[in-house]
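*Asks:* Dropping in coords.txt, which is compact mmCIF, N, CA, C and O atoms:
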```txt
# COMPACT_ATOMS: atom_id res chain seq x y z
N MET A 1 -19.30 -10.86 -25.65
CA MET A 1 -18.12 -10.49 -24.89
C MET A 1 -17.49 -11.79 -24.35
O MET A 1 -18.16 -12.63 -23.78
N SER A 2 -16.19 -11.92 -24.55
CA SER A 2 -15.52 -13.14 -24.11
C SER A 2 -15.43 -13.18 -22.59
O SER A 2 -15.55 -12.16 -21.90
N ALA A 3 -15.21 -14.37 -22.07
CA ALA A 3 -15.16 -14.55 -20.62
C ALA A 3 -13.97 -13.80 -20.01
O ALA A 3 -14.09 -13.25 -18.91
N GLU A 4 -12.85 -13.75 -20.71
CA GLU A 4 -11.67 -13.05 -20.19
C GLU A 4 -11.91 -11.55 -20.08
O GLU A 4 -11.57 -10.92 -19.07
N VAL A 5 -12.52 -10.96 -21.10
CA VAL A 5 -12.84 -9.53 -21.07
C VAL A 5 -13.87 -9.24 -19.99
O VAL A 5 -13.78 -8.25 -19.27
N GLN A 6 -14.83 -10.13 -19.87
CA GLN A 6 -15.85 -9.96 -18.83
C GLN A 6 -15.22 -10.03 -17.44
O GLN A 6 -15.56 -9.23 -16.57
N ASN A 7 -14.30 -10.93 -17.23
CA ASN A 7 -13.61 -11.02 -15.93
C ASN A 7 -12.79 -9.76 -15.66
O ASN A 7 -12.75 -9.28 -14.52
N GLN A 8 -12.14 -9.22 -16.67
CA GLN A 8 -11.38 -7.98 -16.50
C GLN A 8 -12.31 -6.82 -16.17
O GLN A 8 -11.98 -5.96 -15.35
N PHE A 9 -13.48 -6.78 -16.80
CA PHE A 9 -14.47 -5.76 -16.53
C PHE A 9 -14.94 -5.84 -15.07
O PHE A 9 -15.01 -4.82 -14.37
N TYR A 10 -15.23 -7.03 -14.60
CA TYR A 10 -15.65 -7.21 -13.21
C TYR A 10 -14.53 -6.86 -12.25
O TYR A 10 -14.77 -6.26 -11.20
N PHE A 11 -13.31 -7.23 -12.61
CA PHE A 11 -12.18 -6.92 -11.72
C PHE A 11 -11.92 -5.43 -11.65
O PHE A 11 -11.48 -4.92 -10.62
N PHE A 12 -12.19 -4.70 -12.73
CA PHE A 12 -12.08 -3.24 -12.70
C PHE A 12 -13.03 -2.66 -11.65
O PHE A 12 -12.65 -1.82 -10.85
N PHE A 13 -14.28 -3.11 -11.66
CA PHE A 13 -15.24 -2.62 -10.67
C PHE A 13 -14.90 -3.09 -9.26
O PHE A 13 -15.11 -2.37 -8.29
N PHE A 14 -14.36 -4.29 -9.14
CA PHE A 14 -13.90 -4.77 -7.85
C PHE A 14 -12.75 -3.89 -7.35
O PHE A 14 -12.69 -3.56 -6.16
N SER A 15 -11.86 -3.49 -8.24
CA SER A 15 -10.75 -2.61 -7.88
C SER A 15 -11.27 -1.24 -7.46
O SER A 15 -10.76 -0.64 -6.51
N ALA A 16 -12.28 -0.74 -8.16
CA ALA A 16 -12.88 0.54 -7.77
C ALA A 16 -13.50 0.44 -6.39
O ALA A 16 -13.36 1.33 -5.54
N PHE A 17 -14.17 -0.66 -6.13
CA PHE A 17 -14.76 -0.89 -4.81
C PHE A 17 -13.67 -0.96 -3.75
O PHE A 17 -13.82 -0.42 -2.65
N TRP A 18 -12.56 -1.61 -4.06
CA TRP A 18 -11.46 -1.68 -3.11
C TRP A 18 -10.84 -0.30 -2.89
O TRP A 18 -10.42 0.02 -1.78
N GLY A 19 -10.79 0.52 -3.91
CA GLY A 19 -10.31 1.90 -3.74
C GLY A 19 -11.18 2.68 -2.79
O GLY A 19 -10.70 3.42 -1.93
N VAL A 20 -12.50 2.50 -2.90
CA VAL A 20 -13.43 3.13 -1.96
C VAL A 20 -13.18 2.60 -0.55
O VAL A 20 -13.14 3.36 0.42
N GLY A 21 -12.98 1.31 -0.43
CA GLY A 21 -12.73 0.70 0.88
C GLY A 21 -11.45 1.21 1.53
O GLY A 21 -11.41 1.47 2.74
N MET A 22 -10.40 1.35 0.73
CA MET A 22 -9.14 1.87 1.27
C MET A 22 -9.32 3.28 1.81
O MET A 22 -8.83 3.60 2.89
N CYS A 23 -10.02 4.12 1.05
CA CYS A 23 -10.24 5.50 1.50
C CYS A 23 -11.15 5.55 2.72
O CYS A 23 -10.97 6.37 3.60
N PHE A 24 -12.13 4.65 2.77
CA PHE A 24 -13.03 4.60 3.92
C PHE A 24 -12.26 4.24 5.18
O PHE A 24 -12.46 4.84 6.24
N ILE A 25 -11.38 3.27 5.09
CA ILE A 25 -10.58 2.87 6.24
C ILE A 25 -9.66 4.02 6.66
O ILE A 25 -9.52 4.30 7.86
N TYR A 26 -9.06 4.69 5.70
CA TYR A 26 -8.19 5.81 6.05
C TYR A 26 -9.00 6.95 6.67
O TYR A 26 -8.51 7.66 7.56
N ASP A 27 -10.24 7.15 6.22
CA ASP A 27 -11.09 8.16 6.85
C ASP A 27 -11.36 7.82 8.31
O ASP A 27 -11.48 8.71 9.15
N GLY A 28 -11.49 6.54 8.62
CA GLY A 28 -11.63 6.14 10.03
C GLY A 28 -10.42 6.59 10.84
O GLY A 28 -10.56 7.08 11.96
N LEU A 29 -9.26 6.46 10.26
CA LEU A 29 -8.03 6.92 10.90
C LEU A 29 -8.03 8.44 11.04
O LEU A 29 -7.64 8.98 12.09
N ARG A 30 -8.49 9.14 10.02
CA ARG A 30 -8.57 10.61 10.08
C ARG A 30 -9.55 11.07 11.17
O ARG A 30 -9.27 12.04 11.88
N ILE A 31 -10.68 10.38 11.28
CA ILE A 31 -11.66 10.73 12.31
C ILE A 31 -11.05 10.51 13.69
O ILE A 31 -11.19 11.35 14.58
N TRP A 32 -10.38 9.38 13.88
CA TRP A 32 -9.74 9.08 15.17
C TRP A 32 -8.70 10.15 15.51
O TRP A 32 -8.59 10.57 16.66
N ARG A 33 -7.96 10.61 14.52
CA ARG A 33 -6.96 11.65 14.77
C ARG A 33 -7.60 12.97 15.16
O ARG A 33 -7.02 13.74 15.92
N ARG A 34 -8.76 13.28 14.62
CA ARG A 34 -9.45 14.50 15.01
C ARG A 34 -10.03 14.40 16.41
O ARG A 34 -10.12 15.40 17.13
N LEU A 35 -10.43 13.21 16.81
CA LEU A 35 -11.04 13.02 18.12
C LEU A 35 -10.02 12.98 19.24
O LEU A 35 -10.27 13.49 20.33
N VAL A 36 -8.90 12.35 18.99
CA VAL A 36 -7.86 12.17 20.02
C VAL A 36 -6.56 12.76 19.48
O VAL A 36 -6.13 12.42 18.38
N HIS A 37 -5.94 13.61 20.28
CA HIS A 37 -4.70 14.25 19.85
C HIS A 37 -3.59 13.21 19.65
O HIS A 37 -3.40 12.32 20.48
N HIS A 38 -2.87 13.34 18.54
CA HIS A 38 -1.74 12.46 18.22
C HIS A 38 -0.52 13.31 17.90
O HIS A 38 -0.64 14.36 17.26
N SER A 39 0.62 12.81 18.31
CA SER A 39 1.86 13.49 17.93
C SER A 39 2.19 13.15 16.49
O SER A 39 1.63 12.21 15.90
N LEU A 40 3.12 13.88 15.92
CA LEU A 40 3.53 13.63 14.54
C LEU A 40 4.12 12.23 14.40
O LEU A 40 3.87 11.53 13.42
N ARG A 41 4.86 11.80 15.39
CA ARG A 41 5.46 10.46 15.36
C ARG A 41 4.36 9.38 15.36
O ARG A 41 4.45 8.41 14.61
N GLN A 42 3.35 9.56 16.19
CA GLN A 42 2.25 8.59 16.23
C GLN A 42 1.52 8.53 14.88
O GLN A 42 1.18 7.45 14.40
N MET A 43 1.30 9.70 14.30
CA MET A 43 0.62 9.73 13.00
C MET A 43 1.46 9.05 11.92
O MET A 43 0.92 8.33 11.07
N ASN A 44 2.77 9.25 11.96
CA ASN A 44 3.65 8.60 10.98
C ASN A 44 3.63 7.09 11.14
O ASN A 44 3.58 6.35 10.15
N ILE A 45 3.65 6.62 12.36
CA ILE A 45 3.59 5.17 12.62
C ILE A 45 2.26 4.61 12.16
O ILE A 45 2.21 3.54 11.53
N GLN A 46 1.16 5.32 12.44
CA GLN A 46 -0.15 4.88 11.98
C GLN A 46 -0.21 4.79 10.46
O GLN A 46 -0.76 3.83 9.91
N ASP A 47 0.35 5.78 9.78
CA ASP A 47 0.36 5.77 8.32
C ASP A 47 1.18 4.60 7.78
O ASP A 47 0.77 3.94 6.83
N ILE A 48 2.31 4.33 8.38
CA ILE A 48 3.15 3.21 7.93
C ILE A 48 2.42 1.89 8.12
O ILE A 48 2.40 1.05 7.21
N VAL A 49 1.79 1.71 9.27
CA VAL A 49 1.03 0.48 9.52
C VAL A 49 -0.13 0.35 8.54
O VAL A 49 -0.39 -0.72 7.98
N TYR A 50 -0.83 1.47 8.30
CA TYR A 50 -1.95 1.46 7.34
C TYR A 50 -1.46 1.01 5.96
O TYR A 50 -2.07 0.13 5.34
N TRP A 51 -0.38 1.61 5.47
CA TRP A 51 0.08 1.28 4.12
C TRP A 51 0.65 -0.13 4.04
O TRP A 51 0.51 -0.79 3.00
N ILE A 52 1.27 -0.62 5.09
CA ILE A 52 1.74 -2.01 5.09
C ILE A 52 0.54 -2.96 5.01
O ILE A 52 0.54 -3.91 4.22
N CYS A 53 -0.49 -2.69 5.81
CA CYS A 53 -1.69 -3.53 5.77
C CYS A 53 -2.37 -3.49 4.41
O CYS A 53 -2.78 -4.52 3.87
N MET A 54 -2.49 -2.29 3.84
CA MET A 54 -3.12 -2.17 2.52
C MET A 54 -2.30 -2.88 1.45
O MET A 54 -2.86 -3.49 0.53
N THR A 55 -0.99 -2.82 1.55
CA THR A 55 -0.13 -3.50 0.59
C THR A 55 -0.30 -5.01 0.67
O THR A 55 -0.41 -5.68 -0.36
N VAL A 56 -0.35 -5.54 1.88
CA VAL A 56 -0.52 -6.99 2.05
C VAL A 56 -1.88 -7.43 1.49
O VAL A 56 -1.97 -8.42 0.76
N VAL A 57 -2.93 -6.69 1.83
CA VAL A 57 -4.26 -7.05 1.33
C VAL A 57 -4.33 -6.92 -0.19
O VAL A 57 -4.88 -7.80 -0.86
N LEU A 58 -3.78 -5.86 -0.73
CA LEU A 58 -3.80 -5.67 -2.19
C LEU A 58 -3.01 -6.78 -2.89
O LEU A 58 -3.45 -7.31 -3.91
N PHE A 59 -1.86 -7.14 -2.35
CA PHE A 59 -1.09 -8.24 -2.92
C PHE A 59 -1.91 -9.53 -2.91
O PHE A 59 -1.95 -10.26 -3.91
N TYR A 60 -2.58 -9.79 -1.79
CA TYR A 60 -3.41 -11.00 -1.69
C TYR A 60 -4.52 -10.97 -2.74
O TYR A 60 -4.77 -11.97 -3.42
N LEU A 61 -5.20 -9.82 -2.87
CA LEU A 61 -6.28 -9.72 -3.84
C LEU A 61 -5.78 -9.90 -5.27
O LEU A 61 -6.40 -10.62 -6.07
N LEU A 62 -4.67 -9.26 -5.60
CA LEU A 62 -4.12 -9.41 -6.95
C LEU A 62 -3.68 -10.84 -7.21
O LEU A 62 -3.90 -11.37 -8.30
N PHE A 63 -3.08 -11.46 -6.23
CA PHE A 63 -2.61 -12.83 -6.40
C PHE A 63 -3.79 -13.80 -6.53
O PHE A 63 -3.74 -14.73 -7.33
N THR A 64 -4.83 -13.56 -5.75
CA THR A 64 -5.97 -14.46 -5.75
C THR A 64 -6.87 -14.28 -6.97
O THR A 64 -7.24 -15.25 -7.62
N TYR A 65 -7.21 -13.05 -7.29
CA TYR A 65 -8.21 -12.80 -8.33
C TYR A 65 -7.63 -12.50 -9.70
O TYR A 65 -8.35 -12.59 -10.69
N ASN A 66 -6.37 -12.12 -9.78
CA ASN A 66 -5.81 -11.73 -11.07
C ASN A 66 -4.51 -12.48 -11.37
O ASN A 66 -3.70 -12.01 -12.15
N ARG A 67 -4.30 -13.59 -10.71
CA ARG A 67 -3.11 -14.43 -10.91
C ARG A 67 -1.82 -13.65 -10.70
O ARG A 67 -0.81 -13.91 -11.35
N GLY A 68 -1.86 -12.64 -9.84
CA GLY A 68 -0.66 -11.88 -9.51
C GLY A 68 -0.27 -10.83 -10.51
O GLY A 68 0.74 -10.17 -10.36
N GLU A 69 -1.06 -10.65 -11.54
CA GLU A 69 -0.72 -9.68 -12.58
C GLU A 69 -1.24 -8.29 -12.21
O GLU A 69 -2.39 -8.14 -11.83
N ILE A 70 -0.37 -7.32 -12.31
CA ILE A 70 -0.79 -5.94 -12.08
C ILE A 70 -1.07 -5.34 -13.46
O ILE A 70 -0.18 -5.21 -14.29
N ARG A 71 -2.33 -5.01 -13.68
CA ARG A 71 -2.74 -4.45 -14.96
C ARG A 71 -3.14 -3.00 -14.76
O ARG A 71 -3.50 -2.58 -13.67
N SER A 72 -3.09 -2.24 -15.83
CA SER A 72 -3.42 -0.82 -15.73
C SER A 72 -4.86 -0.61 -15.33
O SER A 72 -5.18 0.34 -14.60
N TYR A 73 -5.78 -1.48 -15.75
CA TYR A 73 -7.17 -1.31 -15.37
C TYR A 73 -7.39 -1.55 -13.87
O TYR A 73 -8.33 -1.01 -13.29
N THR A 74 -6.52 -2.31 -13.26
CA THR A 74 -6.61 -2.51 -11.82
C THR A 74 -6.25 -1.22 -11.09
O THR A 74 -7.00 -0.77 -10.20
N ILE A 75 -5.15 -0.62 -11.46
CA ILE A 75 -4.74 0.65 -10.86
C ILE A 75 -5.75 1.74 -11.18
O ILE A 75 -6.13 2.54 -10.31
N ALA A 76 -6.22 1.78 -12.43
CA ALA A 76 -7.22 2.79 -12.82
C ALA A 76 -8.50 2.62 -12.01
O ALA A 76 -9.11 3.61 -11.57
N GLY A 77 -8.93 1.40 -11.79
CA GLY A 77 -10.13 1.15 -10.98
C GLY A 77 -9.98 1.64 -9.56
O GLY A 77 -10.90 2.26 -9.00
N MET A 78 -8.81 1.40 -8.98
CA MET A 78 -8.58 1.87 -7.61
C MET A 78 -8.57 3.40 -7.56
O MET A 78 -9.13 4.00 -6.63
N ILE A 79 -7.96 4.03 -8.54
CA ILE A 79 -7.93 5.50 -8.58
C ILE A 79 -9.34 6.05 -8.76
O ILE A 79 -9.73 7.01 -8.09
N VAL A 80 -10.11 5.46 -9.65
CA VAL A 80 -11.49 5.90 -9.87
C VAL A 80 -12.30 5.78 -8.58
O VAL A 80 -13.03 6.69 -8.20
N GLY A 81 -12.15 4.65 -7.89
CA GLY A 81 -12.87 4.45 -6.63
C GLY A 81 -12.46 5.46 -5.57
O GLY A 81 -13.31 6.02 -4.87
N CYS A 82 -11.16 5.71 -5.45
CA CYS A 82 -10.67 6.69 -4.45
C CYS A 82 -11.16 8.09 -4.76
O CYS A 82 -11.62 8.80 -3.86
N VAL A 83 -11.06 8.49 -6.02
CA VAL A 83 -11.49 9.84 -6.39
C VAL A 83 -12.99 9.99 -6.18
O VAL A 83 -13.46 11.01 -5.64
N PHE A 84 -13.77 8.99 -6.59
CA PHE A 84 -15.21 9.04 -6.38
C PHE A 84 -15.54 9.20 -4.90
O PHE A 84 -16.35 10.05 -4.52
N TYR A 85 -14.92 8.39 -4.06
CA TYR A 85 -15.18 8.45 -2.62
C TYR A 85 -14.76 9.80 -2.04
O TYR A 85 -15.50 10.40 -1.26
N GLN A 86 -13.58 10.28 -2.41
CA GLN A 86 -13.07 11.53 -1.86
C GLN A 86 -13.93 12.72 -2.26
O GLN A 86 -14.06 13.68 -1.50
N LYS A 87 -14.50 12.70 -3.45
CA LYS A 87 -15.29 13.84 -3.95
C LYS A 87 -16.75 13.79 -3.50
O LYS A 87 -17.41 14.82 -3.48
N THR A 88 -17.27 12.61 -3.16
CA THR A 88 -18.70 12.51 -2.86
C THR A 88 -18.98 12.16 -1.40
O THR A 88 -19.66 12.91 -0.71
N ILE A 89 -18.48 11.07 -0.92
CA ILE A 89 -18.87 10.54 0.38
C ILE A 89 -17.99 11.04 1.51
O ILE A 89 -18.48 11.36 2.60
N SER A 90 -16.71 11.14 1.30
CA SER A 90 -15.74 11.42 2.36
C SER A 90 -16.02 12.69 3.15
O SER A 90 -16.02 12.65 4.39
N PRO A 91 -16.24 13.84 2.51
CA PRO A 91 -16.45 15.06 3.31
C PRO A 91 -17.65 14.96 4.26
O PRO A 91 -17.57 15.36 5.41
N VAL A 92 -18.72 14.37 3.77
CA VAL A 92 -19.93 14.23 4.59
C VAL A 92 -19.69 13.21 5.70
O VAL A 92 -20.04 13.44 6.86
N TRP A 93 -19.09 12.08 5.36
CA TRP A 93 -18.86 11.01 6.33
C TRP A 93 -17.94 11.46 7.46
O TRP A 93 -18.23 11.22 8.64
N VAL A 94 -16.83 12.10 7.14
CA VAL A 94 -15.87 12.52 8.16
C VAL A 94 -16.51 13.53 9.12
O VAL A 94 -16.40 13.41 10.34
N GLU A 95 -17.20 14.51 8.58
CA GLU A 95 -17.82 15.52 9.43
C GLU A 95 -18.94 14.94 10.28
O GLU A 95 -19.05 15.23 11.47
N LEU A 96 -19.78 14.10 9.70
CA LEU A 96 -20.88 13.49 10.44
C LEU A 96 -20.37 12.58 11.55
O LEU A 96 -20.83 12.65 12.69
N ALA A 97 -19.41 11.72 11.22
CA ALA A 97 -18.86 10.81 12.23
C ALA A 97 -18.17 11.58 13.35
O ALA A 97 -18.31 11.24 14.52
N TYR A 98 -17.46 12.64 13.00
CA TYR A 98 -16.78 13.45 14.01
C TYR A 98 -17.79 14.10 14.95
O TYR A 98 -17.64 14.05 16.17
N ARG A 99 -18.85 14.67 14.39
CA ARG A 99 -19.85 15.33 15.23
C ARG A 99 -20.61 14.35 16.11
O ARG A 99 -21.01 14.69 17.22
N LEU A 100 -20.81 13.13 15.63
CA LEU A 100 -21.51 12.13 16.44
C LEU A 100 -20.63 11.52 17.51
O LEU A 100 -21.09 11.20 18.61
N LEU A 101 -19.34 11.35 17.20
CA LEU A 101 -18.44 10.69 18.15
C LEU A 101 -17.78 11.64 19.14
O LEU A 101 -17.33 11.21 20.20
N ARG A 102 -17.72 12.92 18.82
CA ARG A 102 -17.06 13.88 19.70
C ARG A 102 -17.65 13.90 21.11
O ARG A 102 -16.91 13.81 22.09
N PRO A 103 -18.98 13.94 21.28
CA PRO A 103 -19.52 13.90 22.66
C PRO A 103 -19.23 12.59 23.39
O PRO A 103 -18.98 12.59 24.60
N VAL A 104 -19.22 11.50 22.66
CA VAL A 104 -18.95 10.20 23.28
C VAL A 104 -17.51 10.15 23.78
O VAL A 104 -17.25 9.72 24.91
N ILE A 105 -16.57 10.59 22.98
CA ILE A 105 -15.16 10.59 23.37
C ILE A 105 -14.94 11.56 24.53
O ILE A 105 -14.22 11.25 25.49
N HIS A 106 -15.59 12.71 24.47
CA HIS A 106 -15.47 13.69 25.56
C HIS A 106 -15.99 13.09 26.86
O HIS A 106 -15.34 13.22 27.91
N LEU A 107 -17.15 12.45 26.83
CA LEU A 107 -17.70 11.80 28.02
C LEU A 107 -16.77 10.71 28.53
O LEU A 107 -16.56 10.58 29.74
N PHE A 108 -16.20 9.94 27.63
CA PHE A 108 -15.27 8.88 28.03
C PHE A 108 -14.08 9.45 28.77
O PHE A 108 -13.68 8.94 29.82
N PHE A 109 -13.49 10.54 28.26
CA PHE A 109 -12.33 11.14 28.91
C PHE A 109 -12.71 11.79 30.25
O PHE A 109 -11.91 11.79 31.19
N VAL A 110 -13.91 12.32 30.35
CA VAL A 110 -14.36 12.90 31.62
C VAL A 110 -14.56 11.83 32.67
O VAL A 110 -14.14 11.97 33.82
N LEU A 111 -15.16 10.70 32.27
CA LEU A 111 -15.45 9.63 33.22
C LEU A 111 -14.21 8.85 33.64
O LEU A 111 -14.10 8.43 34.80
N PHE A 112 -13.27 8.64 32.74
CA PHE A 112 -12.14 7.77 33.03
C PHE A 112 -10.82 8.52 33.16
O PHE A 112 -9.75 7.93 33.05
N ARG A 113 -10.86 9.77 33.45
CA ARG A 113 -9.65 10.54 33.61
C ARG A 113 -9.10 10.41 34.97
O ARG A 113 -9.27 10.15 35.98
```
What does this structure look like when you write it as structure tokens?

*Replies:*
Amino acid sequence: MSAEVQNQFYFFFFSAFWGVGMCFIYDGLRIWRRLVHHSLRQMNIQDIVYWICMTVVLFYLLFTYNRGEIRSYTIAGMIVGCVFYQKTISPVWVELAYRLLRPVIHLFFVLFR
């Protein structure tokens, strides 16, 4: 296998890992929204900030590791990572984190209200 093909293969898996990371970060936002009430406007602003941050990081990664080229295997890797995370880890993680953090947030609001 040539070095170029091998690098593309590794970058595909790196893209899949980044897709998992993007979904994991967004799940943190989803958990926070379940714990603390947010208005629609606040949620929209949070989503805009999230996507701007993800765009900047993705641009940096593409520019650094792939010479700025957007290839189909990069997008496919991110989609594979997101779908894998959403179908396997996300439902368990969101529910577990919510159940563990709900008493802590409730205690915080009771103590500092």

*Asks:* What's the 8 Å shell around Gly19 (chain A), counting only C-alpha atoms, without same-chain residues fewer than 4 positions away, as a PyMOL selection string?

*Replies:* chain A and resi 15+23+77-82

*Asks:* Go ahead and compute the interatomic distance for atom C of Ile31 (chain A) and atom C of Ala97 (chain A), in Å to one decimal.

*Replies:* 7.2 Å

*Asks:* For region 55-69 of chain A, I'd like the enclosing box, axis-aligned and padded by 6 Å on every side, reported as AutoDock Vina command-line options with centre and edge lengths in Å to one decimal.

*Replies:*
```
--center_x -3.8 --center_y -9.0 --center_z -5.3 --size_x 21.1 --size_y 24.4 --size_z 26.6
```

*Asks:* Determine the nearest neighbour of Gly28 (chain A) from the options A:Ala3, A:Val94, A:Ile70, A:Leu61, counting all atoms listed in the file.

*Replies:*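 Nearest to Gly28 (chain A): A:Val94.
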
*Asks:* Counting only C-alpha atoms, which residue out of A:Met54, A:Leu62, A:Val36, A:Val92 sits closest to His106 (chain A)?

*Replies:*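 Answer, going by the shortest atom-to-atom distance: A:Val36.
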
*Asks:* With all atoms listed in the file as the atoms that count, which of A:Val49, A:Phe13, A:Phe108, A:Ser90 lies nearest to Asp27 (chain A)?

*Replies:*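 Smallest separation from Asp27 (chain A) among the options: A:Ser90.
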
*Asks:* Please report the interatomic distance between atom N of Ile48 (chain A) and CA of Ile25 (chain A) in Å with one decimal.

*Replies:*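 Between these atoms lies a distance of 13.1 Å.
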
*Asks:* Pick the closest to Ile75 (chain A) from A:Met22, A:Arg102, A:Gln42, A:Phe11: which is it, counting all atoms listed in the file?

*Replies:*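 Of A:Met22, A:Arg102, A:Gln42, A:Phe11, the one nearest Ile75 (chain A), counting all atoms listed in the file, is A:Phe11.
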
*Asks:* Mind filling out region 71-78 of chain A with all heavy atoms and sending it as a CSV table (one decimal), in the coordinates of the input?

*Replies:*
```csv
chain,number,residue,atom,x,y,z
A,71,ARG,N,-2.3,-5.0,-13.7
A,71,ARG,CA,-2.7,-4.4,-15.0
A,71,ARG,C,-3.1,-3.0,-14.8
A,71,ARG,O,-3.5,-2.6,-13.7
A,71,ARG,CB,-3.9,-5.2,-15.5
A,71,ARG,CG,-3.7,-6.7,-15.7
A,71,ARG,CD,-3.1,-6.9,-17.1
A,71,ARG,NE,-2.7,-8.3,-17.4
A,71,ARG,CZ,-3.4,-9.1,-18.2
A,71,ARG,NH1,-4.4,-8.6,-18.8
A,71,ARG,NH2,-3.0,-10.3,-18.4
A,72,SER,N,-3.1,-2.2,-15.8
A,72,SER,CA,-3.4,-0.8,-15.7
A,72,SER,C,-4.9,-0.6,-15.3
A,72,SER,O,-5.2,0.3,-14.6
A,72,SER,CB,-3.1,-0.1,-17.1
A,72,SER,OG,-3.9,-0.7,-18.1
A,73,TYR,N,-5.8,-1.5,-15.8
A,73,TYR,CA,-7.2,-1.3,-15.4
A,73,TYR,C,-7.4,-1.6,-13.9
A,73,TYR,O,-8.3,-1.0,-13.3
A,73,TYR,CB,-8.1,-2.2,-16.2
A,73,TYR,CG,-7.9,-3.7,-16.0
A,73,TYR,CD1,-8.6,-4.3,-15.0
A,73,TYR,CD2,-7.1,-4.4,-16.9
A,73,TYR,CE1,-8.4,-5.7,-14.9
A,73,TYR,CE2,-7.0,-5.7,-16.8
A,73,TYR,CZ,-7.6,-6.4,-15.8
A,73,TYR,OH,-7.5,-7.7,-15.6
A,74,THR,N,-6.5,-2.3,-13.3
A,74,THR,CA,-6.6,-2.5,-11.8
A,74,THR,C,-6.2,-1.2,-11.1
A,74,THR,O,-7.0,-0.8,-10.2
A,74,THR,CB,-5.6,-3.6,-11.4
A,74,THR,OG1,-5.9,-4.8,-12.1
A,74,THR,CG2,-5.8,-3.9,-9.9
A,75,ILE,N,-5.2,-0.6,-11.5
A,75,ILE,CA,-4.7,0.6,-10.9
A,75,ILE,C,-5.8,1.7,-11.2
A,75,ILE,O,-6.1,2.5,-10.3
A,75,ILE,CB,-3.3,1.0,-11.3
A,75,ILE,CG1,-2.3,-0.1,-11.1
A,75,ILE,CG2,-2.9,2.3,-10.7
A,75,ILE,CD1,-2.2,-0.5,-9.6
A,76,ALA,N,-6.2,1.8,-12.4
A,76,ALA,CA,-7.2,2.8,-12.8
A,76,ALA,C,-8.5,2.6,-12.0
A,76,ALA,O,-9.1,3.6,-11.6
A,76,ALA,CB,-7.5,2.7,-14.3
A,77,GLY,N,-8.9,1.4,-11.8
A,77,GLY,CA,-10.1,1.2,-11.0
A,77,GLY,C,-10.0,1.6,-9.6
A,77,GLY,O,-10.9,2.3,-9.0
A,78,MET,N,-8.8,1.4,-9.0
A,78,MET,CA,-8.6,1.9,-7.6
A,78,MET,C,-8.6,3.4,-7.6
A,78,MET,O,-9.1,4.0,-6.6
A,78,MET,CB,-7.3,1.3,-7.1
A,78,MET,CG,-7.4,-0.2,-6.8
A,78,MET,SD,-5.8,-0.9,-6.2
A,78,MET,CE,-5.7,0.0,-4.7
```
